[in-house]
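Colleague: Contents of my_file_18.txt (compact mmCIF, C-alpha atoms and all ligand atoms) are below:
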```txt
# COMPACT_ATOMS: atom_id res chain seq x y z
CA MET M 299 -55.82 33.31 -120.08
CA ASP M 300 -56.89 36.63 -121.66
CA TYR M 301 -58.35 39.16 -119.25
CA LEU M 302 -61.64 39.12 -121.14
CA VAL M 303 -62.46 35.78 -122.74
CA GLY M 304 -64.76 35.31 -125.72
CA GLN M 305 -65.47 38.98 -126.56
CA GLU M 306 -62.90 39.48 -129.31
CA ARG M 307 -64.97 42.03 -131.26
CA VAL M 308 -65.45 44.27 -128.23
CA THR M 309 -61.79 43.89 -127.28
CA ARG M 310 -60.68 44.93 -130.78
CA ALA M 311 -63.07 47.90 -130.90
CA LEU M 312 -61.90 49.24 -127.54
CA ALA M 313 -58.25 48.65 -128.35
CA SER M 314 -58.55 50.65 -131.55
CA ALA M 315 -60.55 53.44 -129.87
CA LEU M 316 -57.93 53.74 -127.13
CA ALA M 317 -55.00 53.59 -129.52
CA GLY M 318 -56.58 56.23 -131.76
CA ASP M 319 -57.68 58.39 -128.80
CA ARG M 320 -61.30 58.10 -129.98
CA LEU M 321 -62.86 56.77 -126.80
CA GLY M 322 -65.22 59.67 -126.02
CA GLY M 323 -66.90 60.37 -122.71
CA GLY M 324 -69.71 57.83 -122.82
CA LEU M 325 -69.79 54.10 -123.51
CA LEU M 326 -72.75 51.78 -123.51
CA PHE M 327 -71.97 48.10 -122.92
CA LEU M 328 -74.94 46.06 -124.08
CA GLY M 329 -75.61 42.43 -123.31
CA ASP M 330 -76.95 39.93 -120.82
CA ALA M 331 -75.65 39.53 -117.30
CA GLY M 332 -72.61 37.29 -117.05
CA VAL M 333 -71.11 37.92 -120.49
CA GLY M 334 -68.26 40.14 -119.31
CA ARG M 335 -69.62 43.70 -119.43
CA GLU M 336 -68.62 44.56 -115.88
CA ARG M 337 -65.25 42.86 -116.23
CA ALA M 338 -64.64 44.85 -119.41
CA ALA M 339 -65.70 48.11 -117.73
CA LEU M 340 -63.33 47.56 -114.82
CA GLY M 341 -60.53 46.51 -117.18
CA LEU M 342 -61.06 49.61 -119.30
CA ALA M 343 -60.99 51.74 -116.16
CA GLY M 344 -57.69 50.03 -115.41
CA ALA M 345 -56.35 50.98 -118.85
CA LEU M 346 -57.28 54.64 -118.32
CA LEU M 347 -55.87 54.79 -114.80
CA CYS M 348 -52.90 52.45 -115.43
CA GLU M 349 -49.46 53.63 -114.39
CA ARG M 350 -48.21 52.40 -117.78
CA ARG M 351 -51.06 54.04 -119.67
CA GLY M 352 -50.41 54.17 -123.40
CA ALA M 353 -47.96 51.27 -123.39
CA ALA M 354 -48.92 48.52 -125.83
CA GLU M 355 -49.46 45.95 -123.07
CA ALA M 356 -51.89 48.30 -121.32
CA VAL M 357 -54.40 48.28 -124.22
CA PRO M 358 -57.29 47.78 -123.80
CA TRP M 359 -57.42 46.38 -120.24
CA GLY M 360 -54.45 48.02 -118.54
CA CYS M 361 -51.19 46.25 -117.73
CA GLY M 362 -52.99 44.35 -114.96
CA MET M 363 -49.87 44.44 -112.80
CA CYS M 364 -49.59 47.98 -111.43
CA GLY M 365 -51.39 49.19 -108.32
CA ALA M 366 -53.81 51.32 -110.32
CA CYS M 367 -54.87 48.39 -112.51
CA ARG M 368 -55.30 46.09 -109.55
CA ARG M 369 -57.38 48.60 -107.64
CA ALA M 370 -59.50 49.40 -110.69
CA ARG M 371 -60.13 45.73 -111.44
CA ALA M 372 -61.21 45.25 -107.83
CA GLY M 373 -63.55 48.25 -108.16
CA ALA M 374 -61.57 50.05 -105.45
CA HIS M 375 -59.66 52.88 -107.18
CA PRO M 376 -60.37 56.38 -105.80
CA ASP M 377 -60.93 57.73 -109.32
CA LEU M 378 -63.31 54.93 -110.26
CA HIS M 379 -66.91 55.41 -109.22
CA LEU M 380 -69.36 52.53 -109.32
CA LEU M 381 -73.02 53.42 -109.39
CA MET M 382 -75.56 50.74 -108.51
CA SER M 383 -78.91 50.39 -106.82
CA GLU M 384 -79.11 50.00 -103.08
CA ALA M 385 -80.42 46.46 -103.54
CA GLU M 386 -77.40 45.54 -105.66
CA SER M 387 -75.02 47.10 -103.16
CA VAL M 388 -76.59 45.06 -100.34
CA ARG M 389 -76.50 41.93 -102.50
CA ARG M 390 -72.77 42.40 -103.02
CA GLY M 391 -72.20 42.92 -99.31
CA LEU M 392 -70.99 46.50 -99.94
CA SER M 393 -73.60 48.07 -97.69
CA GLN M 394 -75.88 46.98 -94.91
CA PRO M 395 -79.63 46.87 -95.41
CA ASP M 396 -81.29 49.50 -93.28
CA GLY M 397 -83.72 46.99 -91.81
CA LYS M 398 -86.74 49.29 -91.76
CA ARG M 399 -87.42 49.18 -95.48
CA ARG M 400 -86.60 47.06 -98.49
CA PRO M 401 -83.46 48.27 -100.32
CA SER M 402 -84.47 50.06 -103.52
CA PRO M 403 -83.90 48.09 -106.74
CA ASP M 404 -83.62 51.40 -108.64
CA ILE M 405 -80.75 53.82 -109.11
CA LEU M 406 -82.15 57.03 -107.67
CA VAL M 407 -81.78 60.51 -109.10
CA ASP M 408 -79.94 61.72 -105.99
CA ALA M 409 -77.25 59.08 -106.47
CA VAL M 410 -76.81 60.19 -110.09
CA ARG M 411 -76.48 63.85 -109.03
CA GLU M 412 -73.90 62.88 -106.43
CA LEU M 413 -71.95 61.02 -109.09
CA ALA M 414 -72.06 64.06 -111.39
CA VAL M 415 -70.61 66.23 -108.62
CA ARG M 416 -67.83 63.74 -107.96
CA LEU M 417 -66.96 63.57 -111.65
CA ARG M 418 -66.57 67.34 -111.75
CA MET M 419 -64.03 67.27 -108.93
CA ALA M 420 -60.33 66.91 -109.69
CA ALA M 421 -59.11 63.34 -110.00
CA HIS M 422 -57.26 62.05 -106.94
CA GLN M 423 -54.35 60.85 -109.03
CA GLY M 424 -54.49 63.73 -111.49
CA GLY M 425 -55.54 61.54 -114.41
CA TYR M 426 -58.82 60.09 -115.57
CA ARG M 427 -62.08 59.82 -113.68
CA VAL M 428 -64.15 56.80 -114.62
CA ALA M 429 -67.73 55.99 -113.66
CA VAL M 430 -69.37 52.63 -114.24
CA VAL M 431 -73.15 52.48 -113.98
CA LEU M 432 -74.17 48.88 -113.33
CA ASP M 433 -77.66 48.13 -114.61
CA ALA M 434 -78.15 51.53 -116.21
CA HIS M 435 -81.73 50.50 -117.00
CA ARG M 436 -82.38 50.71 -113.25
CA MET M 437 -82.28 54.51 -113.60
CA ASN M 438 -85.74 55.97 -114.10
CA ALA M 439 -86.24 58.80 -116.60
CA SER M 440 -85.33 61.58 -114.15
CA ALA M 441 -82.19 59.76 -113.05
CA GLN M 442 -81.22 59.26 -116.70
CA ASN M 443 -81.85 62.92 -117.45
CA ALA M 444 -79.62 63.87 -114.55
CA LEU M 445 -76.87 61.77 -116.12
CA LEU M 446 -77.47 63.25 -119.55
CA LYS M 447 -75.78 66.54 -118.62
CA THR M 448 -72.63 64.66 -117.68
CA LEU M 449 -72.70 62.81 -121.00
CA GLU M 450 -73.36 66.01 -122.98
CA GLU M 451 -70.49 67.89 -121.42
CA PRO M 452 -68.15 65.32 -119.94
CA GLY M 453 -65.21 66.96 -118.24
CA GLU M 454 -61.83 66.42 -119.77
CA ARG M 455 -60.57 62.89 -119.13
CA THR M 456 -63.90 61.73 -117.80
CA VAL M 457 -65.38 58.45 -119.02
CA VAL M 458 -68.78 57.05 -118.09
CA VAL M 459 -69.51 53.39 -118.88
CA LEU M 460 -73.15 52.29 -118.77
CA LEU M 461 -74.13 48.62 -118.57
CA ALA M 462 -77.56 47.69 -119.92
CA PRO M 463 -79.18 44.57 -121.37
CA HIS M 464 -80.09 46.25 -124.66
CA GLU M 465 -80.17 49.70 -126.23
CA ARG M 466 -83.90 50.25 -125.71
CA ALA M 467 -83.38 49.92 -121.95
CA VAL M 468 -82.00 53.47 -121.81
CA LEU M 469 -83.34 56.74 -123.22
CA PRO M 470 -82.46 57.36 -126.88
CA THR M 471 -80.81 60.63 -125.82
CA ILE M 472 -78.45 58.64 -123.60
CA ALA M 473 -77.73 55.90 -126.14
CA SER M 474 -77.02 58.39 -128.93
CA ARG M 475 -74.27 60.06 -126.89
CA CYS M 476 -72.43 56.84 -126.21
CA MET M 477 -70.15 54.54 -128.14
CA ARG M 478 -72.24 51.37 -128.21
CA LEU M 479 -70.65 47.96 -127.87
CA ALA M 480 -72.64 44.74 -128.04
CA PHE M 481 -71.46 41.83 -125.91
CA ALA M 482 -72.63 38.55 -127.42
CA PRO M 483 -73.55 35.51 -125.30
CA LEU M 484 -70.34 33.59 -124.61
CA ALA M 485 -69.54 30.63 -126.83
CA GLU M 486 -69.27 27.23 -125.15
CA ARG M 487 -65.55 27.20 -125.83
CA ALA M 488 -65.08 30.51 -123.97
CA LEU M 489 -67.20 29.32 -121.05
CA ARG M 490 -65.15 26.14 -120.82
CA GLU M 491 -61.96 28.18 -120.73
CA ILE M 492 -63.29 30.41 -117.94
CA LEU M 493 -64.53 27.45 -115.88
CA THR M 494 -61.34 25.47 -116.33
CA ALA M 495 -59.24 28.45 -115.24
CA ARG M 496 -61.34 28.64 -112.06
CA GLY M 497 -60.83 24.95 -111.41
CA ALA M 498 -64.56 24.35 -111.60
CA PRO M 499 -65.59 20.70 -111.98
CA ASP M 500 -67.65 19.54 -115.00
CA ALA M 501 -66.51 22.48 -117.15
CA GLY M 502 -67.85 20.94 -120.37
CA GLU M 503 -71.24 20.02 -118.94
CA ARG M 504 -71.73 23.37 -117.22
CA ALA M 505 -70.61 25.30 -120.33
CA ARG M 506 -73.30 23.49 -122.33
CA ARG M 507 -76.03 24.33 -119.84
CA ALA M 508 -75.06 27.94 -119.15
CA GLN M 509 -76.76 29.64 -122.15
CA GLY M 510 -73.83 31.92 -122.82
CA SER M 511 -73.46 33.37 -119.32
CA ALA M 512 -70.29 32.86 -117.30
CA ALA M 513 -72.13 33.85 -114.11
CA ARG M 514 -74.72 31.15 -114.76
CA ALA M 515 -72.05 28.59 -115.59
CA ILE M 516 -70.25 29.28 -112.33
CA ALA M 517 -73.47 29.17 -110.31
CA LEU M 518 -74.64 25.85 -111.76
CA GLU M 519 -74.37 22.96 -109.39
CA PRO M 520 -71.95 20.33 -110.67
CA ALA M 521 -73.66 17.25 -112.06
CA ASP M 522 -72.33 14.89 -109.38
CA ASP M 523 -73.16 17.36 -106.62
CA GLY M 524 -72.33 16.54 -102.99
CA ALA M 525 -69.39 17.61 -100.86
CA LYS M 526 -67.77 14.22 -100.58
CA GLY M 527 -64.02 14.09 -100.73
CA SER M 528 -63.62 17.74 -101.72
CA GLY M 529 -62.85 20.93 -99.83
CA GLY M 530 -66.63 21.31 -99.57
CA GLY M 531 -66.59 18.58 -96.93
CA ALA M 532 -63.94 20.44 -94.95
CA LEU M 533 -66.02 23.61 -95.08
CA TRP M 534 -69.08 21.67 -93.98
CA ASP M 535 -67.21 20.19 -90.99
CA ALA M 536 -65.81 23.59 -90.03
CA LEU M 537 -69.03 25.56 -90.36
CA VAL M 538 -71.80 23.08 -89.60
CA GLY M 539 -70.16 20.02 -88.08
CA GLY M 540 -72.05 17.32 -86.23
CA ASP M 541 -74.37 19.45 -84.13
CA GLY M 542 -74.92 22.28 -86.60
CA ALA M 543 -72.55 24.63 -84.77
CA GLY M 544 -69.34 23.67 -86.60
CA GLY M 545 -65.83 23.48 -85.25
CA THR M 546 -63.96 25.75 -82.87
CA MET M 547 -62.43 28.99 -84.16
CA SER M 548 -58.99 27.42 -84.54
CA GLU M 549 -60.40 24.38 -86.38
CA ARG M 550 -62.25 26.76 -88.70
CA LEU M 551 -59.15 28.82 -89.41
CA ASP M 552 -57.16 25.63 -90.06
CA ALA M 553 -59.77 24.53 -92.60
CA ALA M 554 -59.66 27.94 -94.33
CA GLU M 555 -55.88 27.83 -94.47
CA ALA M 556 -55.80 24.30 -95.90
CA LEU M 557 -58.38 25.15 -98.54
CA GLY M 558 -56.78 28.51 -99.43
CA LYS M 559 -53.52 26.78 -100.37
CA GLU M 560 -55.19 25.26 -103.43
CA ARG M 561 -56.68 28.24 -105.18
CA SER M 562 -57.90 26.08 -108.06
CA ASP M 563 -59.99 23.94 -105.68
CA VAL M 564 -61.69 26.83 -103.93
CA ASP M 565 -64.47 27.30 -106.46
CA ALA M 566 -65.32 23.60 -106.46
CA ALA M 567 -65.32 23.53 -102.66
CA LEU M 568 -67.60 26.56 -102.42
CA THR M 569 -69.94 25.08 -105.04
CA ALA M 570 -70.15 21.73 -103.23
CA PHE M 571 -70.68 23.41 -99.88
CA GLU M 572 -73.35 25.68 -101.35
CA ALA M 573 -75.18 22.69 -102.84
CA GLN M 574 -75.24 20.94 -99.49
CA VAL M 575 -76.44 24.03 -97.61
CA THR M 576 -79.07 24.70 -100.29
CA ARG M 577 -80.45 21.19 -99.85
CA CYS M 578 -80.68 21.81 -96.10
CA ALA M 579 -82.42 25.16 -96.63
CA ARG M 580 -84.96 23.52 -98.95
CA ALA M 581 -85.57 20.65 -96.53
CA SER M 582 -85.89 23.04 -93.63
CA ALA M 583 -88.29 25.33 -95.53
CA ALA M 584 -90.42 22.30 -96.37
CA GLY M 585 -90.55 21.32 -92.69
CA ALA M 586 -88.36 18.23 -93.17
CA ALA M 587 -85.52 17.21 -90.88
CA SER M 588 -82.40 19.26 -91.58
CA PRO M 589 -79.14 19.83 -89.70
CA LEU M 590 -79.51 23.55 -90.43
CA PRO M 591 -82.40 25.86 -89.57
CA TRP M 592 -83.55 27.85 -92.58
CA GLY M 593 -82.25 31.21 -91.32
CA HIS M 594 -78.82 29.79 -90.61
CA ALA M 595 -78.65 28.17 -94.05
CA ARG M 596 -79.60 31.47 -95.71
CA ALA M 597 -76.95 33.32 -93.70
CA LEU M 598 -74.32 30.77 -94.75
CA LEU M 599 -75.30 31.08 -98.42
CA ASP M 600 -74.97 34.86 -98.18
CA ARG M 601 -71.51 34.48 -96.72
CA VAL M 602 -70.47 32.09 -99.49
CA ALA M 603 -71.74 34.59 -102.08
CA ARG M 604 -69.72 37.33 -100.40
CA ALA M 605 -66.58 35.19 -100.38
CA ARG M 606 -67.06 34.40 -104.07
CA GLY M 607 -67.55 38.08 -104.86
CA ALA M 608 -64.37 39.02 -103.03
CA ILE M 609 -62.39 36.29 -104.80
CA ALA M 610 -63.81 37.28 -108.19
CA HIS M 611 -62.63 40.83 -107.51
CA ASN M 612 -59.09 39.60 -106.87
CA ALA M 613 -59.23 39.90 -103.10
CA SER M 614 -56.94 37.59 -101.14
CA VAL M 615 -58.42 34.07 -101.28
CA GLN M 616 -57.12 33.40 -97.79
CA LEU M 617 -58.79 36.47 -96.32
CA ALA M 618 -62.06 35.75 -98.11
CA LEU M 619 -62.08 32.19 -96.71
CA GLU M 620 -61.25 33.37 -93.20
CA GLU M 621 -64.07 35.86 -93.40
CA LEU M 622 -66.33 33.01 -94.49
CA VAL M 623 -65.42 30.54 -91.75
CA LEU M 624 -65.61 33.15 -88.99
CA ALA M 625 -69.40 33.15 -89.34
CA PRO M 626 -71.21 33.32 -86.02
CA ARG M 627 -71.76 29.88 -84.52
CA PHE M 628 -75.33 28.75 -84.25
CA ALA M 629 -76.98 26.85 -81.43
CA ASP M 630 -79.63 24.21 -82.00
CA ASP M 631 -82.38 26.78 -81.75
CA GLY M 632 -80.84 28.58 -84.74
CA ARG M 633 -79.61 31.58 -82.79
CA ALA M 634 -76.03 32.81 -82.98
CA ARG M 635 -73.93 32.11 -79.93
ZN ZN M 701 -51.47 49.04 -115.00
```
Give the structure from the file, written as structure tokens.
Modeller:
Amino acid sequence: MDYLVGQERVTRALASALAGDRLGGGLLFLGDAGVGRERAALGLAGALLCERRGAAEAVPWGCGMCGACRRARAGAHPDLHLLMSEAESVRRGLSQPDGKRRPSPDILVDAVRELAVRLRMAAHQGGYRVAVVLDAHRMNASAQNALLKTLEEPGERTVVVLLAPHERAVLPTIASRCMRLAFAPLAERALREILTARGAPDAGERARRAQGSAARAIALEPADDGAKGSGGGALWDALVGGDGAGGTMSERLDAAEALGKERSDVDAALTAFEAQVTRCARASAAGAASPLPWGHARALLDRVARARGAIAHNASVQLALEELVLAPRFADDGRAR
């Protein structure tokens, strides 16, 4: 499967800009969530940081094989800086909520200034420095103005990629300094290809209902629902079990190991497990009988989301599943034990 599915125009434009050395210091990736903007930004970062940079196979998403590409695609390269709001960082499990106040949904001016300082420092690996601003429209005017200086005078070999839903979501002064690329909603065919590669059940049905977004397609519950007969059942037994507390640690690790062997089944298992836990959370919230207290169900859903995120960023499937099953055990009163 291609690294980026269904965005041929964008792929061609970036390939030709890279090949002709016309990339510039600012790029604006426009489109809805779930159409591949972030994947493209990380892939492009890979191409700039790739150990085989310039080779034909490294255009426009990097070779995908070298350490630099793998780290960039996972968002974990020292010369790749991801800028996001605190709320987004908490949602992705990258930082802990502070507990006293709600995490800010905005990208604050201080964070932008800090990024600008980092981009002026020498690159760790002596090559490019790449910044990706997720949800650039979450920067208020002063945050955007702070970024403007970086875009006006980008250091040599510095590239800033901004993700936004549409051009009007950022200041005209920002947009005009960037190469703008529009990501169209994904065609059903592309969605089917993405779902099939992930081993997701009901690829055709989900692709039809997903309105062009791969994220939505993956999040949709499969039509036949339920955890019966799939790895979802094994996860349920390991994490919830008969009394709501799940199996012992070694039973849990065995379940993770068994499931991790079949990478293609993992997505389906997580989806089935999620559907079952969601039903419990709804029942519990409505005051109906449920094997899971609401708080426990929410905590499990968060852990599933974190496991999915790690797997999507090419982390080890086995490690992500172990992390998932080693959730704290819950007693009948809903407290961890
Ligand atoms: Zn590479």
Colleague: Using 9 Å as the limit and counting all atoms listed in the file, can you tabulate each residue of chain M that touches ligand ZN 701 (chain M), with its shortest atom-to-atom distance in Å and the two atoms involved, as a Markdown table?
Modeller:
```
| residue | atom | partner | partner_atom | distance |
| --- | --- | --- | --- | --- |
| M:Gly344 | CA | M:ZN701 | ZN | 6.3 |
| M:Ala345 | CA | M:ZN701 | ZN | 6.5 |
| M:Leu346 | CA | M:ZN701 | ZN | 8.7 |
| M:Leu347 | CA | M:ZN701 | ZN | 7.2 |
| M:Cys348 | CA | M:ZN701 | ZN | 3.7 |
| M:Glu349 | CA | M:ZN701 | ZN | 5.0 |
| M:Arg350 | CA | M:ZN701 | ZN | 5.4 |
| M:Arg351 | CA | M:ZN701 | ZN | 6.9 |
| M:Glu355 | CA | M:ZN701 | ZN | 8.9 |
| M:Ala356 | CA | M:ZN701 | ZN | 6.4 |
| M:Trp359 | CA | M:ZN701 | ZN | 8.4 |
| M:Gly360 | CA | M:ZN701 | ZN | 4.7 |
| M:Cys361 | CA | M:ZN701 | ZN | 3.9 |
| M:Gly362 | CA | M:ZN701 | ZN | 4.9 |
| M:Met363 | CA | M:ZN701 | ZN | 5.3 |
| M:Cys364 | CA | M:ZN701 | ZN | 4.2 |
| M:Gly365 | CA | M:ZN701 | ZN | 6.7 |
| M:Ala366 | CA | M:ZN701 | ZN | 5.7 |
| M:Cys367 | CA | M:ZN701 | ZN | 4.3 |
| M:Arg368 | CA | M:ZN701 | ZN | 7.3 |
```
Colleague: Return the single residue from M:Val623, M:Thr456, M:Leu493, M:Gly510 that is closest to Val538 in chain M, with distances computed using all atoms listed in the file.
Modeller: M:Val623
Colleague: Find the residues near Arg416 in chain M: any atom within 10 Å, counting only C-alpha atoms, skip ones fewer than 3 places away on the same chain, and give them as an MDAnalysis selection string.
Modeller: chainID M and resid 377 379 410:413 419:421 427 429
Colleague: Quick one: residues within 12 Å of Val458 in chain M, only C-alpha atoms, excluding same-chain residues fewer than 2 positions away - as a PyMOL selection string?
Modeller: chain M and resi 321-327+339-340+342-343+346+377-381+410+413-414+417+426-432+434+445-456+460-461+472+475-477
Colleague: So which one's closest to Ala467 in chain M, M:Met437, M:Ala603, M:Ala482, M:Ala553? Using only C-alpha atoms, please.
Modeller: M:Met437
Colleague: Given all atoms listed in the file as the basis, pick out the residue of M:Leu406, M:Ala485, M:Leu518, M:Ala354 nearest to Ala566 in chain M.
Modeller: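 Among the listed residues, the smallest separation from Ala566 in chain M belongs to M:Leu518.
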Colleague: Closest to His422 in chain M among M:Leu622, M:His375, M:Arg604, M:Gln509, using only C-alpha atoms?
Modeller: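 So, comparing all the options, the nearest one is M:His375.
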Colleague: Point out the residue among M:Met382, M:Val415, M:Leu537, M:Val615 with the least atom-to-atom distance to Glu560 in chain M, counting only C-alpha atoms.
Modeller: M:Val615
Colleague: What is the distance, in Å and to one decimal place, between CA of Ile405 in chain M and CA of Arg436 in chain M?
Modeller: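 It comes out at 5.4 Å.
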Colleague: In Å, how far is it from CA of Ala608 in chain M to CA of Gly329 in chain M?
Modeller: 23.4 Å
Colleague: Could you name the residues that touch Ser582 in chain M at 12 Å or less, counting only C-alpha atoms, but leaving out those on the same chain fewer than 6 positions away, as a PyMOL selection string?
Modeller: chain M and resi 575-576+588-596+632
Colleague: Hey, which of M:Gly341, M:Val457, M:Val602, M:Arg418 ends up closest to Arg389 in chain M? Count all atoms listed in the file.
Modeller: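 Ranking M:Gly341, M:Val457, M:Val602, M:Arg418 by distance to Arg389 in chain M, first place goes to M:Val602.
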Colleague: What's around Ala625 in chain M at 10 Å? Count all atoms listed in the file, leave out sequence neighbours fewer than 3 positions away in its own chain, and write the answer as JSON, numbers by chain.
Modeller: {"M": [537, 544, 547, 550, 597, 598, 601, 620, 621, 622, 628, 634]}
Colleague: Take the residues from that selection and put them in a file with C-alpha atoms, as an mmCIF file, in the frame of the given file.
Modeller:
```
data_model
loop_
_atom_site.group_PDB
_atom_site.id
_atom_site.type_symbol
_atom_site.label_atom_id
_atom_site.label_comp_id
_atom_site.auth_asym_id
_atom_site.auth_seq_id
_atom_site.Cartn_x
_atom_site.Cartn_y
_atom_site.Cartn_z
ATOM 1 C CA LEU M 537 -69.030 25.560 -90.360
ATOM 2 C CA GLY M 544 -69.340 23.670 -86.600
ATOM 3 C CA MET M 547 -62.430 28.990 -84.160
ATOM 4 C CA ARG M 550 -62.250 26.760 -88.700
ATOM 5 C CA ALA M 597 -76.950 33.320 -93.700
ATOM 6 C CA LEU M 598 -74.320 30.770 -94.750
ATOM 7 C CA ARG M 601 -71.510 34.480 -96.720
ATOM 8 C CA GLU M 620 -61.250 33.370 -93.200
ATOM 9 C CA GLU M 621 -64.070 35.860 -93.400
ATOM 10 C CA LEU M 622 -66.330 33.010 -94.490
ATOM 11 C CA PHE M 628 -75.330 28.750 -84.250
ATOM 12 C CA ALA M 634 -76.030 32.810 -82.980
#
```
Colleague: Using all atoms listed in the file, which residues sit within 8 Å of range 314-320 of chain M once same-chain residues fewer than 5 positions away are excluded, as a VMD selection string?
Modeller: chain M and resid 352 357 to 358
